[in-house]
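What follows is the content of entry-v2.txt, which has compact mmCIF, C-alpha atoms:
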```txt
# COMPACT_ATOMS: atom_id res chain seq x y z
CA MET D 1 26.84 12.04 -28.32
CA ARG D 2 26.54 9.20 -25.83
CA GLY D 3 23.74 11.03 -23.97
CA ARG D 4 21.84 11.53 -27.23
CA ASN D 5 22.20 7.85 -28.14
CA GLN D 6 20.89 6.85 -24.72
CA LYS D 7 17.95 9.21 -25.15
CA GLU D 8 17.17 7.71 -28.58
CA MET D 9 17.41 4.21 -27.13
CA ARG D 10 14.97 5.11 -24.34
CA ARG D 11 12.56 6.52 -26.91
CA TRP D 12 12.64 3.33 -28.99
CA ILE D 13 12.18 1.24 -25.85
CA VAL D 14 9.10 3.28 -24.95
CA ASN D 15 7.72 2.85 -28.48
CA ALA D 16 8.40 -0.88 -28.36
CA GLY D 17 6.69 -1.10 -24.96
CA ILE D 18 3.62 0.70 -26.28
CA PHE D 19 3.61 -1.60 -29.31
CA ALA D 20 3.79 -4.70 -27.10
CA ALA D 21 0.98 -3.41 -24.87
CA VAL D 22 -1.26 -2.65 -27.86
CA MET D 23 -0.43 -6.07 -29.36
CA ALA D 24 -1.38 -7.84 -26.14
CA LEU D 25 -4.61 -5.86 -25.87
CA THR D 26 -5.42 -6.57 -29.52
CA PHE D 27 -5.01 -10.32 -29.21
CA TRP D 28 -6.93 -10.29 -25.94
CA SER D 29 -9.87 -8.56 -27.65
CA VAL D 30 -9.70 -10.93 -30.64
CA LEU D 31 -9.48 -14.12 -28.57
CA ARG D 32 -11.75 -13.05 -25.71
CA GLY D 33 -14.50 -15.61 -25.15
CA GLN D 34 -12.93 -18.10 -27.55
CA ASP D 35 -12.04 -21.69 -26.82
CA PHE D 36 -8.24 -21.55 -27.15
CA ALA D 37 -7.95 -25.29 -27.72
CA LYS D 38 -10.35 -25.13 -30.66
CA VAL D 39 -8.66 -22.06 -32.10
CA PHE D 40 -5.20 -23.65 -32.01
CA ALA D 41 -6.60 -26.91 -33.33
CA ALA D 42 -8.14 -25.04 -36.27
CA VAL D 43 -4.81 -23.30 -36.93
CA GLY D 44 -3.16 -26.70 -37.02
CA GLN D 45 -5.66 -27.88 -39.63
CA MET D 46 -4.41 -25.36 -42.18
CA SER D 47 -2.40 -27.14 -44.84
CA GLY D 48 1.36 -26.90 -44.57
CA THR D 49 1.64 -25.83 -48.20
CA SER D 50 -0.73 -22.92 -47.65
CA MET D 51 1.08 -21.88 -44.46
CA ALA D 52 4.42 -21.91 -46.29
CA ALA D 53 2.93 -19.93 -49.17
CA ALA D 54 1.54 -17.33 -46.75
CA VAL D 55 4.92 -16.94 -45.05
CA PHE D 56 6.62 -16.63 -48.44
CA LEU D 57 4.20 -13.87 -49.52
CA ALA D 58 4.75 -11.95 -46.27
CA VAL D 59 8.54 -12.10 -46.65
CA PHE D 60 8.25 -11.29 -50.36
CA PHE D 61 6.22 -8.19 -49.49
CA VAL D 62 9.04 -6.73 -47.41
CA ALA D 63 11.89 -8.05 -49.55
CA GLY D 64 10.20 -6.59 -52.63
CA GLU D 65 10.70 -3.10 -51.29
CA GLY D 66 14.36 -3.94 -50.69
CA TRP D 67 14.71 -5.02 -54.30
CA MET D 68 13.27 -1.69 -55.49
CA ILE D 69 15.65 0.26 -53.26
CA TRP D 70 18.54 -1.77 -54.71
CA PHE D 71 17.27 -1.30 -58.28
CA LEU D 72 17.01 2.50 -57.93
CA LEU D 73 20.32 2.85 -56.11
CA ARG D 74 22.09 0.87 -58.83
CA GLY D 75 20.26 2.88 -61.48
CA ILE D 76 21.61 6.19 -60.19
CA GLY D 77 25.15 4.87 -59.73
CA GLU D 78 25.28 3.96 -56.04
CA GLN D 79 26.87 0.66 -55.07
CA SER D 80 24.91 -1.48 -52.64
CA THR D 81 24.19 -5.19 -52.44
CA LEU D 82 20.70 -6.64 -52.78
CA PHE D 83 21.07 -8.32 -49.39
CA ARG D 84 21.82 -5.00 -47.65
CA CYS D 85 18.91 -3.29 -49.37
CA ILE D 86 16.55 -6.03 -48.24
CA SER D 87 17.86 -5.54 -44.70
CA TYR D 88 17.01 -1.80 -45.00
CA SER D 89 13.48 -2.82 -45.89
CA PHE D 90 13.09 -5.13 -42.87
CA ILE D 91 14.49 -2.45 -40.56
CA GLY D 92 12.08 0.08 -42.05
CA PHE D 93 9.15 -2.31 -41.59
CA PHE D 94 10.03 -2.84 -37.94
CA PHE D 95 10.35 0.83 -37.06
CA SER D 96 7.27 1.74 -39.11
CA GLY D 97 5.36 -0.82 -37.09
CA ILE D 98 6.23 0.66 -33.69
CA THR D 99 5.74 4.33 -34.59
CA PRO D 100 2.49 6.22 -35.30
CA SER D 101 1.64 6.58 -39.02
CA ALA D 102 4.82 4.59 -39.81
CA THR D 103 6.94 7.72 -39.30
CA GLY D 104 10.00 5.93 -37.93
CA GLY D 105 10.73 3.57 -40.83
CA GLN D 106 12.36 5.79 -43.44
CA PRO D 107 14.59 7.79 -41.04
CA MET D 108 16.08 4.52 -39.81
CA GLN D 109 16.50 3.26 -43.37
CA LEU D 110 18.23 6.51 -44.31
CA TYR D 111 20.55 6.20 -41.32
CA TYR D 112 21.71 2.71 -42.29
CA MET D 113 21.99 3.55 -45.98
CA ARG D 114 24.19 6.52 -45.14
CA ARG D 115 26.22 4.44 -42.68
CA ASP D 116 26.92 1.92 -45.44
CA GLY D 117 28.41 4.61 -47.67
CA ASN D 118 25.47 5.61 -49.88
CA ALA D 119 25.20 9.34 -50.61
CA LEU D 120 22.66 11.09 -48.40
CA SER D 121 21.06 12.93 -51.33
CA ALA D 122 20.75 9.78 -53.46
CA SER D 123 19.42 7.73 -50.55
CA SER D 124 16.84 10.42 -49.74
CA VAL D 125 15.57 10.56 -53.33
CA VAL D 126 15.42 6.76 -53.61
CA LEU D 127 13.43 6.39 -50.39
CA MET D 128 11.11 9.21 -51.38
CA THR D 129 10.60 7.66 -54.81
CA VAL D 130 9.77 4.30 -53.24
CA ALA D 131 7.34 5.99 -50.84
CA VAL D 132 5.62 7.99 -53.59
CA VAL D 133 5.24 4.96 -55.86
CA TYR D 134 4.09 2.83 -52.90
CA LYS D 135 1.28 5.27 -52.06
CA PHE D 136 0.52 5.97 -55.73
CA VAL D 137 -0.09 2.27 -56.42
CA LEU D 138 -2.27 2.03 -53.31
CA VAL D 139 -4.32 5.00 -54.55
CA LEU D 140 -4.71 3.41 -57.99
CA VAL D 141 -5.90 0.15 -56.43
CA GLY D 142 -8.27 2.04 -54.14
CA MET D 143 -9.73 4.11 -56.96
CA GLY D 144 -10.07 1.02 -59.15
CA ILE D 145 -11.99 -0.82 -56.43
CA LEU D 146 -14.22 2.21 -55.89
CA LEU D 147 -14.99 2.65 -59.60
CA PHE D 148 -15.45 -0.96 -60.68
CA TRP D 149 -16.42 -2.79 -57.49
CA ARG D 150 -18.47 -0.20 -55.60
CA GLN D 151 -21.57 -2.25 -54.73
CA PRO D 152 -19.74 -5.34 -53.40
CA LEU D 153 -17.40 -2.97 -51.52
CA ARG D 154 -20.32 -1.29 -49.78
CA SER D 155 -21.84 -4.65 -49.00
CA TYR D 156 -18.70 -5.93 -47.31
CA LEU D 157 -17.51 -2.73 -45.60
CA GLN D 158 -20.90 -1.32 -44.52
CA GLY D 159 -20.13 1.01 -41.58
CA TYR D 160 -16.44 1.14 -42.49
CA MET D 161 -17.02 2.89 -45.84
CA GLY D 162 -16.26 6.25 -44.23
CA LEU D 163 -12.94 4.93 -42.99
CA TYR D 164 -12.20 3.65 -46.51
CA PHE D 165 -12.83 7.10 -48.01
CA LEU D 166 -10.67 8.69 -45.29
CA GLY D 167 -7.82 6.28 -45.95
CA LEU D 168 -8.01 6.88 -49.69
CA PHE D 169 -8.07 10.66 -49.21
CA LEU D 170 -5.08 10.61 -46.84
CA ASN D 171 -3.06 8.51 -49.28
CA VAL D 172 -3.88 10.91 -52.15
CA LEU D 173 -2.90 13.85 -49.95
CA LEU D 174 0.40 12.21 -49.01
CA VAL D 175 1.24 11.47 -52.66
CA VAL D 176 0.68 15.15 -53.51
CA VAL D 177 2.80 16.35 -50.57
CA LEU D 178 5.64 13.93 -51.34
CA LEU D 179 5.68 14.95 -55.00
CA MET D 180 5.81 18.63 -54.01
CA VAL D 181 8.75 17.98 -51.69
CA MET D 182 10.47 15.72 -54.21
CA PHE D 183 10.34 18.15 -57.11
CA SER D 184 10.66 21.37 -55.08
CA PRO D 185 13.96 21.34 -53.14
CA GLY D 186 13.10 24.87 -52.04
CA ILE D 187 10.55 23.36 -49.66
CA ILE D 188 13.31 21.31 -48.03
CA ARG D 189 15.49 24.42 -47.71
CA HIS D 190 12.61 26.36 -46.15
CA CYS D 191 11.89 23.56 -43.66
CA PHE D 192 15.55 23.38 -42.69
CA CYS D 193 15.71 27.15 -42.18
CA GLN D 194 12.69 26.99 -39.90
CA ILE D 195 14.19 24.13 -37.91
CA GLU D 196 17.52 25.93 -37.66
CA THR D 197 15.82 29.10 -36.41
CA ILE D 198 14.01 27.16 -33.70
CA MET D 199 17.08 25.18 -32.63
CA THR D 200 19.35 28.23 -32.46
CA SER D 201 16.75 30.21 -30.53
CA LEU D 202 16.62 27.35 -28.02
CA ARG D 203 20.45 27.40 -27.95
CA LEU D 204 20.58 23.76 -29.01
CA TRP D 205 22.51 24.66 -32.17
CA LYS D 206 25.18 27.27 -32.78
CA GLU D 207 24.91 29.55 -35.79
CA THR D 208 27.43 28.41 -38.39
CA SER D 209 27.84 28.82 -42.12
CA ALA D 210 29.24 25.29 -42.43
CA ARG D 211 25.81 23.81 -41.70
CA ARG D 212 24.21 25.86 -44.47
CA GLU D 213 26.96 24.81 -46.88
CA LYS D 214 26.26 21.15 -46.12
CA VAL D 215 22.54 21.70 -46.76
CA GLU D 216 23.24 23.38 -50.10
CA LEU D 217 25.60 20.54 -51.05
CA PHE D 218 22.87 18.05 -50.15
CA LEU D 219 20.27 19.97 -52.20
CA SER D 220 22.62 20.09 -55.18
CA GLY D 221 23.01 16.31 -55.15
CA TYR D 222 19.29 15.94 -54.50
CA ARG D 223 18.40 18.02 -57.58
CA GLU D 224 20.84 16.09 -59.75
CA THR D 225 19.37 12.73 -58.62
CA VAL D 226 15.79 13.87 -59.25
CA ALA D 227 16.78 15.17 -62.68
CA PHE D 228 18.42 11.84 -63.48
CA LEU D 229 15.26 9.94 -62.54
CA ARG D 230 13.14 12.28 -64.68
CA GLU D 231 15.41 11.61 -67.63
CA ASN D 232 15.35 7.84 -67.05
CA LYS D 233 11.64 7.20 -66.70
CA HIS D 234 12.10 3.47 -67.27
CA LEU D 235 13.46 3.23 -63.73
CA ILE D 236 10.20 4.67 -62.39
CA GLY D 237 8.17 2.43 -64.70
CA VAL D 238 9.86 -0.74 -63.45
CA THR D 239 9.43 0.46 -59.85
CA ILE D 240 5.70 1.02 -60.38
CA VAL D 241 5.22 -2.49 -61.82
CA GLY D 242 7.35 -4.01 -59.05
CA THR D 243 5.40 -2.13 -56.39
CA PHE D 244 2.08 -3.31 -57.81
CA VAL D 245 3.22 -6.94 -57.61
CA GLN D 246 4.57 -6.33 -54.11
CA ARG D 247 1.31 -4.70 -52.99
CA CYS D 248 -0.80 -7.55 -54.35
CA SER D 249 1.27 -10.17 -52.54
CA VAL D 250 -0.04 -9.13 -49.11
CA PHE D 251 -3.62 -9.04 -50.44
CA VAL D 252 -3.29 -12.50 -51.97
CA LEU D 253 -1.95 -13.81 -48.66
CA THR D 254 -5.44 -13.62 -47.15
CA ALA D 255 -6.85 -15.63 -50.05
CA VAL D 256 -4.15 -18.25 -49.48
CA VAL D 257 -5.21 -18.50 -45.83
CA TYR D 258 -8.86 -18.75 -46.95
CA ARG D 259 -8.18 -21.70 -49.23
CA GLY D 260 -5.72 -23.22 -46.76
CA LEU D 261 -8.51 -23.45 -44.17
CA GLY D 262 -10.55 -25.48 -46.64
CA LEU D 263 -13.08 -22.73 -47.48
CA SER D 264 -14.48 -22.17 -50.97
CA GLY D 265 -17.79 -20.31 -50.81
CA THR D 266 -16.40 -16.92 -51.90
CA ALA D 267 -14.47 -16.06 -55.06
CA VAL D 268 -10.74 -15.65 -54.46
CA LEU D 269 -10.80 -12.24 -56.18
CA ASP D 270 -13.42 -11.03 -53.67
CA VAL D 271 -11.17 -12.08 -50.77
CA VAL D 272 -8.22 -10.25 -52.34
CA LEU D 273 -10.22 -7.05 -52.95
CA VAL D 274 -11.72 -7.01 -49.47
CA GLN D 275 -8.24 -7.35 -47.96
CA ALA D 276 -7.03 -4.52 -50.20
CA ALA D 277 -9.92 -2.36 -48.95
CA VAL D 278 -9.00 -3.06 -45.33
CA TYR D 279 -5.38 -2.15 -45.99
CA ILE D 280 -6.31 1.12 -47.71
CA ALA D 281 -8.68 2.10 -44.90
CA VAL D 282 -6.16 1.66 -42.06
CA ASP D 283 -2.86 2.41 -43.83
CA MET D 284 -2.58 6.06 -42.75
CA LEU D 285 -4.09 5.88 -39.27
CA PRO D 286 -1.81 7.30 -36.50
CA ILE D 287 -1.70 4.00 -34.59
CA PRO D 288 1.51 1.91 -34.38
CA GLY D 289 1.06 -0.86 -36.93
CA ALA D 290 -2.65 0.08 -37.19
CA GLN D 291 -3.11 -2.49 -34.43
CA GLY D 292 -6.57 -2.96 -33.01
CA ILE D 293 -8.48 -1.18 -35.75
CA THR D 294 -7.13 -3.57 -38.40
CA GLU D 295 -8.26 -6.63 -36.46
CA ALA D 296 -11.63 -5.06 -35.61
CA MET D 297 -12.31 -4.10 -39.22
CA TYR D 298 -11.09 -7.49 -40.45
CA ARG D 299 -13.52 -9.34 -38.17
CA SER D 300 -16.39 -7.15 -39.38
CA VAL D 301 -15.84 -7.22 -43.15
CA PHE D 302 -14.76 -10.87 -43.38
CA ARG D 303 -17.49 -12.31 -41.13
CA ASP D 304 -19.48 -13.61 -44.13
CA ILE D 305 -16.35 -14.97 -45.84
CA PHE D 306 -14.59 -16.79 -43.01
CA VAL D 307 -17.55 -18.63 -41.53
CA GLY D 308 -17.79 -20.05 -38.01
CA ASN D 309 -14.67 -20.17 -35.89
CA THR D 310 -12.46 -19.77 -38.98
CA LEU D 311 -12.90 -15.97 -38.67
CA VAL D 312 -10.86 -15.74 -35.47
CA VAL D 313 -8.40 -18.31 -36.81
CA SER D 314 -7.91 -16.32 -40.01
CA VAL D 315 -7.28 -13.12 -38.04
CA CYS D 316 -4.58 -14.85 -36.01
CA ILE D 317 -2.93 -16.44 -39.04
CA THR D 318 -3.20 -13.53 -41.47
CA ARG D 319 -2.06 -10.80 -39.07
CA GLY D 320 0.31 -13.13 -37.29
CA ILE D 321 2.19 -13.89 -40.52
CA SER D 322 1.82 -10.67 -42.52
CA PHE D 323 2.60 -8.31 -39.61
CA TYR D 324 3.84 -9.81 -36.34
CA LEU D 325 6.12 -12.46 -37.85
CA VAL D 326 7.68 -9.93 -40.22
CA MET D 327 8.02 -7.46 -37.34
CA LEU D 328 9.98 -10.10 -35.41
CA MET D 329 12.19 -10.70 -38.45
CA GLY D 330 12.75 -6.95 -38.74
CA LEU D 331 13.78 -6.78 -35.09
CA VAL D 332 16.30 -9.59 -35.63
CA VAL D 333 17.72 -7.85 -38.72
CA PHE D 334 17.95 -4.56 -36.78
CA CYS D 335 19.80 -6.22 -33.89
CA VAL D 336 22.23 -7.94 -36.25
CA SER D 337 22.78 -4.74 -38.28
CA GLY D 338 23.41 -2.76 -35.11
CA ARG D 339 26.47 -4.92 -34.38
CA ARG D 340 28.15 -4.16 -37.68
```

Conversion result in structure tokens:
Amino acid sequence: MRGRNQKEMRRWIVNAGIFAAVMALTFWSVLRGQDFAKVFAAVGQMSGTSMAAAVFLAVFFVAGEGWMIWFLLRGIGEQSTLFRCISYSFIGFFFSGITPSATGGQPMQLYYMRRDGNALSASSVVLMTVAVVYKFVLVLVGMGILLFWRQPLRSYLQGYMGLYFLGLFLNVLLVVVLLMVMFSPGIIRHCFCQIETIMTSLRLWKETSARREKVELFLSGYRETVAFLRENKHLIGVTIVGTFVQRCSVFVLTAVVYRGLGLSGTAVLDVVLVQAAVYIAVDMLPIPGAQGITEAMYRSVFRDIFVGNTLVVSVCITRGISFYLVMLMGLVVFCVSGRR
């Protein structure tokens, strides 16, 4: 057990190292050729109220997911505090940020939820529900932009339209896959059987009926939880509305930065929709935190909105608050939680 924990720790250290290297390279490419004194001076000119509002929206974005986890857990009869559920969300954000395609977030959330006494089956269904609704809302927003704001979208995105369509397609595909897994426990059983066959053939696992019994017990609880959610659709309805508000908060953050820098030539709704388009385009890319591509796309599509040196300043503030600051908070929460 100790050897496995050390191996896991080394893997997370490697991921964190890669993340730090990509972050350094990203900021180097963004700030290359810029007058640092002018950039920092421009950052300092942003109003304190707007800066506080941007930080609040970034924290609200992550905490909002924690509230939905708490709401669903309470709805299905599990006991967990709102504070602990918000901590799951920050931990998930951190590990999603340092792993490709955000694959590390939910496994870590599931680990801590199980450690705190929540049933594995219930926790799995809750996290899958949150993930499905999260992607579903993103797809709805993306389709809405495409249907009702197509021409302005093309004008702003230009060469990134292909990436937008790819991001939208990948999110639709993931929603379909998650729904299939969620409502077809047989898929989970089949996947486990395949994994078990591989692990036993490699002599990493021993063949035992106890393992199969645990899987069947998990699937039984899983089916019961899914059935409960299907019978109590109001829980899903509230989660969808909550997710939509949560999603919009990170889009509005960019508009807050825009106004905070004293700019007013573009409608606030346009700023919000462009930021939503950027998020949709890069959300599913297999790059830790979508670093690099997010900043590059941001600088391209916002160049006519954030004029002059405010473009670089807005990149630093928007990404610094909405991603890197929250990542740091997630790391702190993870370190504190690890001591419990």

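As for atom CA of D:Gln158 and atom CA of D:Tyr298, they are spaced 12.3 Å apart.
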
*Return the single residue from D:Leu163, D:Ile76, D:Val133, D:Leu168 that is closest to D:Leu229, with distances computed using all atoms listed in the file.*
D:Ile76

Give me, as a compact mmCIF listing (two decimals) with C-alpha atoms, keeping the file's coordinate frame, all polymer residues having an atom no more than 7 Å from D:Ser314, counting all atoms listed in the file and skipping those fewer than 4 positions away in the same chain.
```txt
# COMPACT_ATOMS: atom_id res chain seq x y z
CA VAL D 257 -5.21 -18.50 -45.83
CA THR D 310 -12.46 -19.77 -38.98
CA THR D 318 -3.20 -13.53 -41.47
```

*One decimal, Å: what's the distance from atom CA of D:Leu273 over to atom CA of D:Tyr156, could you say?*
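Atom CA of D:Tyr156 lies at a distance of 10.2 Å from atom CA of D:Leu273.
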
*At a cut-off of 9 Å from (-8.6, 8.0, -45.0) in the coordinates of the file, what residues are picked up using only C-alpha atoms, written as JSON, numbers by chain?*
{"D": [162, 163, 164, 165, 166, 167, 168, 169, 170, 171, 280, 281, 282, 283, 284, 285]}

*Near-stretch 63-71 of chain D list (8 Å; all atoms listed in the file; drop same-chain fewer than 6 positions) as a PyMOL selection string*: chain D and resi 80-82+85-90+126-127+130+239+242-243+246

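Going from atom CA of D:Phe148 over to atom CA of D:Val271, you cover 15.5 Å.
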
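Counting all atoms listed in the file and comparing D:Pro286, D:Gly260, D:Gly75, D:Gly265, the residue that lies closest to D:Ala54 is D:Gly260.
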
*Among the residues D:Val241, D:Ala58, D:Leu261, D:Val141, the one that comes closest to D:Phe323 [using only C-alpha atoms]*: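 Among the listed residues, D:Ala58 lies closest to D:Phe323.
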
*Using all atoms listed in the file, which of D:Glu224, D:Met180, D:Ser155, D:Thr208 sits nearest D:Arg303?*
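Among the listed residues, the smallest separation from D:Arg303 belongs to D:Ser155.
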
*Can you tell me, as a PyMOL selection string, what residues are no more than 12 Å from D:Val301 when counting only C-alpha atoms, ignoring any on the same chain fewer than 3 positions away?*
chain D and resi 152-161+164+270-271+273-279+281+294-298+304-307+311+315

*Fewer than 3 positions away in the same chain doesn't count, so skip those; otherwise give me all residues within 10 Å of D:Met113, counting all atoms listed in the file, as a ChimeraX atom specification.*
/D:80,84-85,88,107-110,116-120,122-124

*Distance query 12 Å from (13.2, 15.1, -58.6) using all atoms listed in the file, result as an NGL selection string*: :D and (121-122 or 124-129 or 132 or 178-186 or 219-233 or 236)

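Closest approach to D:Gly330 among D:Val139, D:Val176, D:Val62, D:Val245 is made by D:Val62 (distances from all atoms listed in the file).
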
If you take every atom of stretch 166-171 of chain D that the file lists and fit an axis-aligned box around them with 8 Å extra on each side, what centre and edge lengths come out in Å to one decimal, as AutoDock Vina command-line options?
```
--center_x -6.9 --center_y 8.5 --center_z -47.5 --size_x 23.6 --size_y 20.4 --size_z 20.4
```
